[in-house]
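Here is the file query-v5.csv (CSV, N, CA and C atoms and all ligand atoms).
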```csv
chain,number,residue,atom,x,y,z
T,1,MET,N,-12.2,6.2,-6.9
T,1,MET,CA,-12.1,6.2,-5.5
T,1,MET,C,-13.2,5.4,-4.8
T,2,THR,N,-12.7,4.5,-4.0
T,2,THR,CA,-13.7,3.6,-3.3
T,2,THR,C,-14.4,4.4,-2.2
T,3,HIS,N,-15.5,4.0,-1.7
T,3,HIS,CA,-16.2,4.7,-0.7
T,3,HIS,C,-15.6,4.4,0.7
T,4,ARG,N,-14.9,5.3,1.2
T,4,ARG,CA,-14.2,5.1,2.5
T,4,ARG,C,-13.9,6.4,3.2
T,5,ASP,N,-13.5,6.3,4.4
T,5,ASP,CA,-13.0,7.6,5.1
T,5,ASP,C,-11.7,7.9,4.5
T,6,PHE,N,-11.6,9.2,4.1
T,6,PHE,CA,-10.4,9.6,3.4
T,6,PHE,C,-9.2,9.7,4.5
T,7,GLU,N,-8.1,9.3,4.1
T,7,GLU,CA,-6.9,9.2,5.0
T,7,GLU,C,-6.3,10.5,5.3
T,8,GLY,N,-6.6,11.5,4.5
T,8,GLY,CA,-6.0,12.8,4.7
T,8,GLY,C,-4.9,13.1,3.6
T,9,TRP,N,-4.8,14.3,3.2
T,9,TRP,CA,-3.9,14.6,2.1
T,9,TRP,C,-2.4,14.3,2.4
T,10,ASP,N,-2.0,14.6,3.6
T,10,ASP,CA,-0.6,14.3,4.0
T,10,ASP,C,-0.3,12.8,3.8
T,11,GLU,N,-1.1,12.0,4.3
T,11,GLU,CA,-0.9,10.5,4.2
T,11,GLU,C,-1.1,10.1,2.7
T,12,TYR,N,-2.1,10.7,2.0
T,12,TYR,CA,-2.2,10.3,0.6
T,12,TYR,C,-1.0,10.7,-0.2
T,13,ASN,N,-0.5,11.9,0.0
T,13,ASN,CA,0.7,12.3,-0.7
T,13,ASN,C,1.9,11.5,-0.4
T,14,ARG,N,2.0,11.1,0.8
T,14,ARG,CA,3.2,10.2,1.2
T,14,ARG,C,3.1,8.9,0.5
T,15,ARG,N,1.9,8.3,0.4
T,15,ARG,CA,1.7,7.0,-0.3
T,15,ARG,C,1.9,7.2,-1.8
T,16,PHE,N,1.3,8.3,-2.3
T,16,PHE,CA,1.4,8.6,-3.7
T,16,PHE,C,2.9,8.7,-4.2
T,17,THR,N,3.6,9.5,-3.4
T,17,THR,CA,5.1,9.7,-3.7
T,17,THR,C,5.8,8.3,-3.7
T,18,ALA,N,5.5,7.5,-2.6
T,18,ALA,CA,6.2,6.2,-2.5
T,18,ALA,C,5.8,5.3,-3.7
T,19,ALA,N,4.6,5.3,-4.1
T,19,ALA,CA,4.1,4.5,-5.2
T,19,ALA,C,4.7,5.0,-6.5
T,20,THR,N,4.8,6.3,-6.7
T,20,THR,CA,5.3,6.8,-7.9
T,20,THR,C,6.8,6.5,-8.0
T,21,GLU,N,7.5,6.7,-6.9
T,21,GLU,CA,9.0,6.4,-6.9
T,21,GLU,C,9.2,4.9,-7.2
T,22,ALA,N,8.3,4.0,-6.8
T,22,ALA,CA,8.4,2.6,-7.1
T,22,ALA,C,8.0,2.3,-8.5
T,23,GLY,N,7.5,3.3,-9.2
T,23,GLY,CA,7.1,3.0,-10.6
T,23,GLY,C,5.7,2.5,-10.8
T,24,HIS,N,4.9,2.6,-9.7
T,24,HIS,CA,3.5,2.1,-9.8
T,24,HIS,C,2.6,3.1,-9.1
T,25,PRO,N,2.4,4.2,-9.7
T,25,PRO,CA,1.5,5.2,-9.1
T,25,PRO,C,0.1,4.7,-8.8
T,26,GLU,N,-0.3,3.7,-9.5
T,26,GLU,CA,-1.7,3.1,-9.3
T,26,GLU,C,-1.8,2.5,-8.0
T,27,TRP,N,-0.7,2.2,-7.3
T,27,TRP,CA,-0.8,1.5,-6.0
T,27,TRP,C,-1.5,2.4,-5.0
T,28,VAL,N,-1.5,3.7,-5.2
T,28,VAL,CA,-2.1,4.6,-4.2
T,28,VAL,C,-3.6,4.4,-4.1
T,29,ARG,N,-4.2,3.7,-5.2
T,29,ARG,CA,-5.6,3.4,-5.2
T,29,ARG,C,-6.0,2.2,-4.4
T,30,LEU,N,-5.0,1.4,-3.9
T,30,LEU,CA,-5.2,0.3,-3.0
T,30,LEU,C,-5.6,0.8,-1.7
T,31,ALA,N,-6.2,-0.1,-0.8
T,31,ALA,CA,-6.5,0.3,0.5
T,31,ALA,C,-5.2,0.7,1.2
T,32,ALA,N,-5.3,1.6,2.2
T,32,ALA,CA,-4.1,2.1,2.9
T,32,ALA,C,-3.6,1.2,4.0
T,33,THR,N,-4.5,0.4,4.6
T,33,THR,CA,-4.2,-0.4,5.7
T,33,THR,C,-4.9,-1.8,5.6
T,34,ASN,N,-4.4,-2.7,6.3
T,34,ASN,CA,-4.9,-4.1,6.3
T,34,ASN,C,-6.4,-4.0,6.8
T,35,LYS,N,-6.6,-3.2,7.8
T,35,LYS,CA,-8.0,-3.0,8.4
T,35,LYS,C,-8.9,-2.6,7.3
T,36,GLU,N,-8.5,-1.6,6.5
T,36,GLU,CA,-9.3,-1.0,5.4
T,36,GLU,C,-9.6,-2.1,4.4
T,37,ALA,N,-8.6,-2.9,4.1
T,37,ALA,CA,-8.7,-4.0,3.1
T,37,ALA,C,-9.5,-5.2,3.7
T,38,ASN,N,-9.9,-5.1,4.9
T,38,ASN,CA,-10.7,-6.2,5.5
T,38,ASN,C,-9.9,-7.6,5.5
T,39,GLY,N,-8.6,-7.5,5.4
T,39,GLY,CA,-7.8,-8.7,5.4
T,39,GLY,C,-8.0,-9.6,4.1
T,40,GLU,N,-8.7,-9.0,3.1
T,40,GLU,CA,-9.1,-9.7,1.9
T,40,GLU,C,-8.4,-9.3,0.7
T,41,ARG,N,-7.9,-8.0,0.7
T,41,ARG,CA,-7.3,-7.5,-0.5
T,41,ARG,C,-5.9,-6.9,-0.2
T,42,PRO,N,-5.1,-6.7,-1.2
T,42,PRO,CA,-3.8,-6.1,-1.0
T,42,PRO,C,-4.0,-4.7,-0.6
T,43,TYR,N,-3.1,-4.2,0.2
T,43,TYR,CA,-3.1,-2.8,0.6
T,43,TYR,C,-1.7,-2.2,0.5
T,44,PHE,N,-1.6,-0.9,0.4
T,44,PHE,CA,-0.3,-0.2,0.2
T,44,PHE,C,-0.1,0.8,1.2
T,45,THR,N,0.9,0.6,2.1
T,45,THR,CA,1.1,1.6,3.2
T,45,THR,C,2.1,2.6,2.7
T,46,GLY,N,2.9,2.4,1.7
T,46,GLY,CA,3.9,3.4,1.3
T,46,GLY,C,5.2,3.3,2.1
T,47,ARG,N,5.2,2.3,3.0
T,47,ARG,CA,6.4,2.2,3.9
T,47,ARG,C,7.1,0.9,3.5
T,48,GLU,N,8.4,0.9,3.7
T,48,GLU,CA,9.3,-0.3,3.4
T,48,GLU,C,8.9,-1.4,4.3
T,49,CYS,N,9.0,-2.6,3.7
T,49,CYS,CA,8.9,-3.8,4.5
T,49,CYS,C,10.3,-4.0,5.2
T,50,LYS,N,10.4,-5.0,6.1
T,50,LYS,CA,11.7,-5.2,6.8
T,50,LYS,C,12.8,-5.5,5.9
T,51,HIS,N,12.5,-5.9,4.6
T,51,HIS,CA,13.6,-6.2,3.7
T,51,HIS,C,13.8,-5.0,2.7
T,52,GLY,N,13.1,-3.9,3.0
T,52,GLY,CA,13.4,-2.7,2.2
T,52,GLY,C,12.6,-2.5,1.0
T,53,HIS,N,11.6,-3.3,0.8
T,53,HIS,CA,10.8,-3.2,-0.4
T,53,HIS,C,9.6,-2.2,-0.2
T,54,ILE,N,9.4,-1.4,-1.3
T,54,ILE,CA,8.1,-0.6,-1.3
T,54,ILE,C,7.2,-1.4,-2.2
T,55,SER,N,6.2,-2.0,-1.6
T,55,SER,CA,5.3,-2.9,-2.4
T,55,SER,C,4.0,-3.1,-1.7
T,56,PRO,N,2.9,-3.4,-2.4
T,56,PRO,CA,1.7,-3.7,-1.7
T,56,PRO,C,1.9,-4.9,-0.8
T,57,ARG,N,1.0,-5.0,0.2
T,57,ARG,CA,1.1,-6.1,1.1
T,57,ARG,C,-0.2,-6.9,1.2
T,58,TYR,N,-0.2,-8.1,1.7
T,58,TYR,CA,-1.4,-8.9,2.0
T,58,TYR,C,-1.6,-9.0,3.5
T,59,LYS,N,-2.6,-9.7,3.9
T,59,LYS,CA,-3.0,-9.7,5.3
T,59,LYS,C,-1.9,-10.1,6.2
T,60,SER,N,-1.0,-10.9,5.8
T,60,SER,CA,0.0,-11.4,6.6
T,60,SER,C,1.1,-10.3,7.0
T,61,SER,N,0.9,-9.1,6.3
T,61,SER,CA,1.9,-8.1,6.4
T,61,SER,C,3.1,-8.4,5.5
T,62,LYS,N,3.1,-9.5,4.9
T,62,LYS,CA,4.2,-9.8,4.0
T,62,LYS,C,4.0,-9.0,2.7
T,63,CYS,N,5.1,-8.4,2.2
T,63,CYS,CA,4.9,-7.6,1.0
T,63,CYS,C,5.0,-8.6,-0.2
T,64,MET,N,4.5,-8.1,-1.3
T,64,MET,CA,4.3,-8.9,-2.5
T,64,MET,C,5.7,-9.4,-3.0
T,65,VAL,N,6.7,-8.5,-2.9
T,65,VAL,CA,8.0,-8.9,-3.4
T,65,VAL,C,8.6,-10.0,-2.5
T,66,CYS,N,8.4,-9.9,-1.2
T,66,CYS,CA,8.9,-11.0,-0.3
T,66,CYS,C,8.1,-12.2,-0.6
T,67,GLY,N,6.8,-12.1,-0.9
T,67,GLY,CA,6.1,-13.3,-1.2
T,67,GLY,C,6.6,-14.0,-2.5
T,68,LEU,N,6.9,-13.2,-3.5
T,68,LEU,CA,7.5,-13.8,-4.7
T,68,LEU,C,8.8,-14.5,-4.5
T,69,HIS,N,9.6,-13.9,-3.6
T,69,HIS,CA,10.9,-14.5,-3.4
T,69,HIS,C,11.0,-15.4,-2.2
T,70,GLY,N,9.9,-15.6,-1.5
T,70,GLY,CA,9.9,-16.6,-0.4
T,70,GLY,C,10.7,-16.1,0.8
T,71,LEU,N,10.8,-14.7,1.0
T,71,LEU,CA,11.5,-14.2,2.1
T,71,LEU,C,10.7,-14.3,3.4
T,101,ZN,ZN,9.5,-7.2,1.1
```
Just give me the structure of the file as structure tokens.
Amino acid sequence: MTHRDFEGWDEYNRRFTAATEAGHPEWVRLAATNKEANGERPYFTGRECKHGHISPRYKSSKCMVCGLHGL
């Protein structure tokens, strides 16, 4: 666990469930928001992007799947 303000168990559980269902429970250890990631690291919100992907995102808010496929 990195040193940061904890997001709260409801939010953590929501992100953990989304990450687990996506097959990547380790994503819950990423930052929860772009702000928390300082715009420098991937973060995982646990919410779908506009194309329906559950995936970590970068500062552009573009998800990693969209980035791979040029969406
Ligand atoms: Zn996407």
Pick from T:Asn13, T:Ser55, T:Ser60, T:Asn38, whichever lies nearest to ligand ZN 101 (chain T) using only N, CA and C atoms and all ligand atoms: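 The shortest atom-to-atom distance to ligand ZN 101 (chain T) comes from T:Ser55.
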Contacts to ligand ZN 101 (chain T) at 10 Å cut-off (only C-alpha atoms and all ligand atoms) as a ChimeraX atom specification: /T:48-57,61-71
CA of Asp5 (chain T) to atom N of Phe44 (chain T), distance in Å rounded to a single decimal: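 So the two atoms, CA of Asp5 (chain T) and atom N of Phe44 (chain T), lie 15.0 Å apart.
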Polymer residues at most 7 Å from Thr33 (chain T), all atoms listed in the file, same-chain spacing of 6 or more positions, as a PyMOL selection string: chain T and resi 39+42-45
Shell around Arg15 (chain T) at 7 Å using only C-alpha atoms, local window under 2 positions removed, as an NGL selection string: :T and (11-13 or 17-19 or 28 or 45-46)
Start from the incomplete input, build all heavy atoms for region 60-71 of chain T, and deliver everything as a PDB file, in the frame of the given file.
```pdb
ATOM      1  N   SER T  60      -1.000 -10.900   5.800  1.00  0.00           N
ATOM      2  CA  SER T  60       0.000 -11.400   6.600  1.00  0.00           C
ATOM      3  C   SER T  60       1.100 -10.300   7.000  1.00  0.00           C
ATOM      4  O   SER T  60       1.995 -10.538   7.700  1.00  0.00           O
ATOM      5  CB  SER T  60       0.782 -12.549   5.949  1.00  0.00           C
ATOM      6  OG  SER T  60       1.396 -12.064   4.770  1.00  0.00           O
ATOM      7  N   SER T  61       0.900  -9.100   6.300  1.00  0.00           N
ATOM      8  CA  SER T  61       1.900  -8.100   6.400  1.00  0.00           C
ATOM      9  C   SER T  61       3.100  -8.400   5.500  1.00  0.00           C
ATOM     10  O   SER T  61       4.018  -7.591   5.494  1.00  0.00           O
ATOM     11  CB  SER T  61       2.335  -7.754   7.828  1.00  0.00           C
ATOM     12  OG  SER T  61       1.270  -7.237   8.551  1.00  0.00           O
ATOM     13  N   LYS T  62       3.100  -9.500   4.900  1.00  0.00           N
ATOM     14  CA  LYS T  62       4.200  -9.800   4.000  1.00  0.00           C
ATOM     15  C   LYS T  62       4.000  -9.000   2.700  1.00  0.00           C
ATOM     16  O   LYS T  62       2.915  -8.982   2.137  1.00  0.00           O
ATOM     17  CB  LYS T  62       4.148 -11.320   3.696  1.00  0.00           C
ATOM     18  CG  LYS T  62       5.295 -11.793   2.837  1.00  0.00           C
ATOM     19  CD  LYS T  62       5.252 -13.302   2.689  1.00  0.00           C
ATOM     20  CE  LYS T  62       6.218 -13.967   3.628  1.00  0.00           C
ATOM     21  NZ  LYS T  62       6.439 -15.377   3.346  1.00  0.00           N
ATOM     22  N   CYS T  63       5.100  -8.400   2.200  1.00  0.00           N
ATOM     23  CA  CYS T  63       4.900  -7.600   1.000  1.00  0.00           C
ATOM     24  C   CYS T  63       5.000  -8.600  -0.200  1.00  0.00           C
ATOM     25  O   CYS T  63       5.384  -9.726  -0.113  1.00  0.00           O
ATOM     26  CB  CYS T  63       6.001  -6.550   0.930  1.00  0.00           C
ATOM     27  SG  CYS T  63       7.522  -7.005   0.107  1.00  0.00           S
ATOM     28  N   MET T  64       4.500  -8.100  -1.300  1.00  0.00           N
ATOM     29  CA  MET T  64       4.300  -8.900  -2.500  1.00  0.00           C
ATOM     30  C   MET T  64       5.700  -9.400  -3.000  1.00  0.00           C
ATOM     31  O   MET T  64       5.841 -10.473  -3.526  1.00  0.00           O
ATOM     32  CB  MET T  64       3.531  -8.194  -3.573  1.00  0.00           C
ATOM     33  CG  MET T  64       2.066  -8.079  -3.193  1.00  0.00           C
ATOM     34  SD  MET T  64       1.078  -7.056  -4.321  1.00  0.00           S
ATOM     35  CE  MET T  64       1.174  -8.007  -5.819  1.00  0.00           C
ATOM     36  N   VAL T  65       6.700  -8.500  -2.900  1.00  0.00           N
ATOM     37  CA  VAL T  65       8.000  -8.900  -3.400  1.00  0.00           C
ATOM     38  C   VAL T  65       8.600 -10.000  -2.500  1.00  0.00           C
ATOM     39  O   VAL T  65       9.117 -11.004  -3.026  1.00  0.00           O
ATOM     40  CB  VAL T  65       8.988  -7.665  -3.380  1.00  0.00           C
ATOM     41  CG1 VAL T  65      10.395  -8.088  -3.798  1.00  0.00           C
ATOM     42  CG2 VAL T  65       8.478  -6.588  -4.322  1.00  0.00           C
ATOM     43  N   CYS T  66       8.400  -9.900  -1.200  1.00  0.00           N
ATOM     44  CA  CYS T  66       8.900 -11.000  -0.300  1.00  0.00           C
ATOM     45  C   CYS T  66       8.100 -12.200  -0.600  1.00  0.00           C
ATOM     46  O   CYS T  66       8.734 -13.327  -0.616  1.00  0.00           O
ATOM     47  CB  CYS T  66       8.662 -10.558   1.140  1.00  0.00           C
ATOM     48  SG  CYS T  66       9.850  -9.375   1.763  1.00  0.00           S
ATOM     49  N   GLY T  67       6.800 -12.100  -0.900  1.00  0.00           N
ATOM     50  CA  GLY T  67       6.100 -13.300  -1.200  1.00  0.00           C
ATOM     51  C   GLY T  67       6.600 -14.000  -2.500  1.00  0.00           C
ATOM     52  O   GLY T  67       6.704 -15.229  -2.509  1.00  0.00           O
ATOM     53  N   LEU T  68       6.900 -13.200  -3.500  1.00  0.00           N
ATOM     54  CA  LEU T  68       7.500 -13.800  -4.700  1.00  0.00           C
ATOM     55  C   LEU T  68       8.800 -14.500  -4.500  1.00  0.00           C
ATOM     56  O   LEU T  68       9.069 -15.501  -5.147  1.00  0.00           O
ATOM     57  CB  LEU T  68       7.682 -12.651  -5.748  1.00  0.00           C
ATOM     58  CG  LEU T  68       6.445 -12.137  -6.476  1.00  0.00           C
ATOM     59  CD1 LEU T  68       6.831 -10.937  -7.340  1.00  0.00           C
ATOM     60  CD2 LEU T  68       5.842 -13.227  -7.340  1.00  0.00           C
ATOM     61  N   HIS T  69       9.600 -13.900  -3.600  1.00  0.00           N
ATOM     62  CA  HIS T  69      10.900 -14.500  -3.400  1.00  0.00           C
ATOM     63  C   HIS T  69      11.000 -15.400  -2.200  1.00  0.00           C
ATOM     64  O   HIS T  69      12.128 -15.827  -1.834  1.00  0.00           O
ATOM     65  CB  HIS T  69      11.948 -13.337  -3.322  1.00  0.00           C
ATOM     66  CG  HIS T  69      12.043 -12.547  -4.591  1.00  0.00           C
ATOM     67  ND1 HIS T  69      12.687 -13.015  -5.702  1.00  0.00           N
ATOM     68  CD2 HIS T  69      11.531 -11.341  -4.927  1.00  0.00           C
ATOM     69  CE1 HIS T  69      12.583 -12.113  -6.679  1.00  0.00           C
ATOM     70  NE2 HIS T  69      11.884 -11.092  -6.244  1.00  0.00           N
ATOM     71  N   GLY T  70       9.900 -15.600  -1.500  1.00  0.00           N
ATOM     72  CA  GLY T  70       9.900 -16.600  -0.400  1.00  0.00           C
ATOM     73  C   GLY T  70      10.700 -16.100   0.800  1.00  0.00           C
ATOM     74  O   GLY T  70      11.250 -16.864   1.543  1.00  0.00           O
ATOM     75  N   LEU T  71      10.800 -14.700   1.000  1.00  0.00           N
ATOM     76  CA  LEU T  71      11.500 -14.200   2.100  1.00  0.00           C
ATOM     77  C   LEU T  71      10.700 -14.300   3.400  1.00  0.00           C
ATOM     78  O   LEU T  71       9.474 -14.257   3.345  1.00  0.00           O
ATOM     79  CB  LEU T  71      11.880 -12.730   1.818  1.00  0.00           C
ATOM     80  CG  LEU T  71      12.863 -12.525   0.672  1.00  0.00           C
ATOM     81  CD1 LEU T  71      13.031 -11.035   0.410  1.00  0.00           C
ATOM     82  CD2 LEU T  71      14.218 -13.146   0.978  1.00  0.00           C
TER      83      LEU T  71
END
```
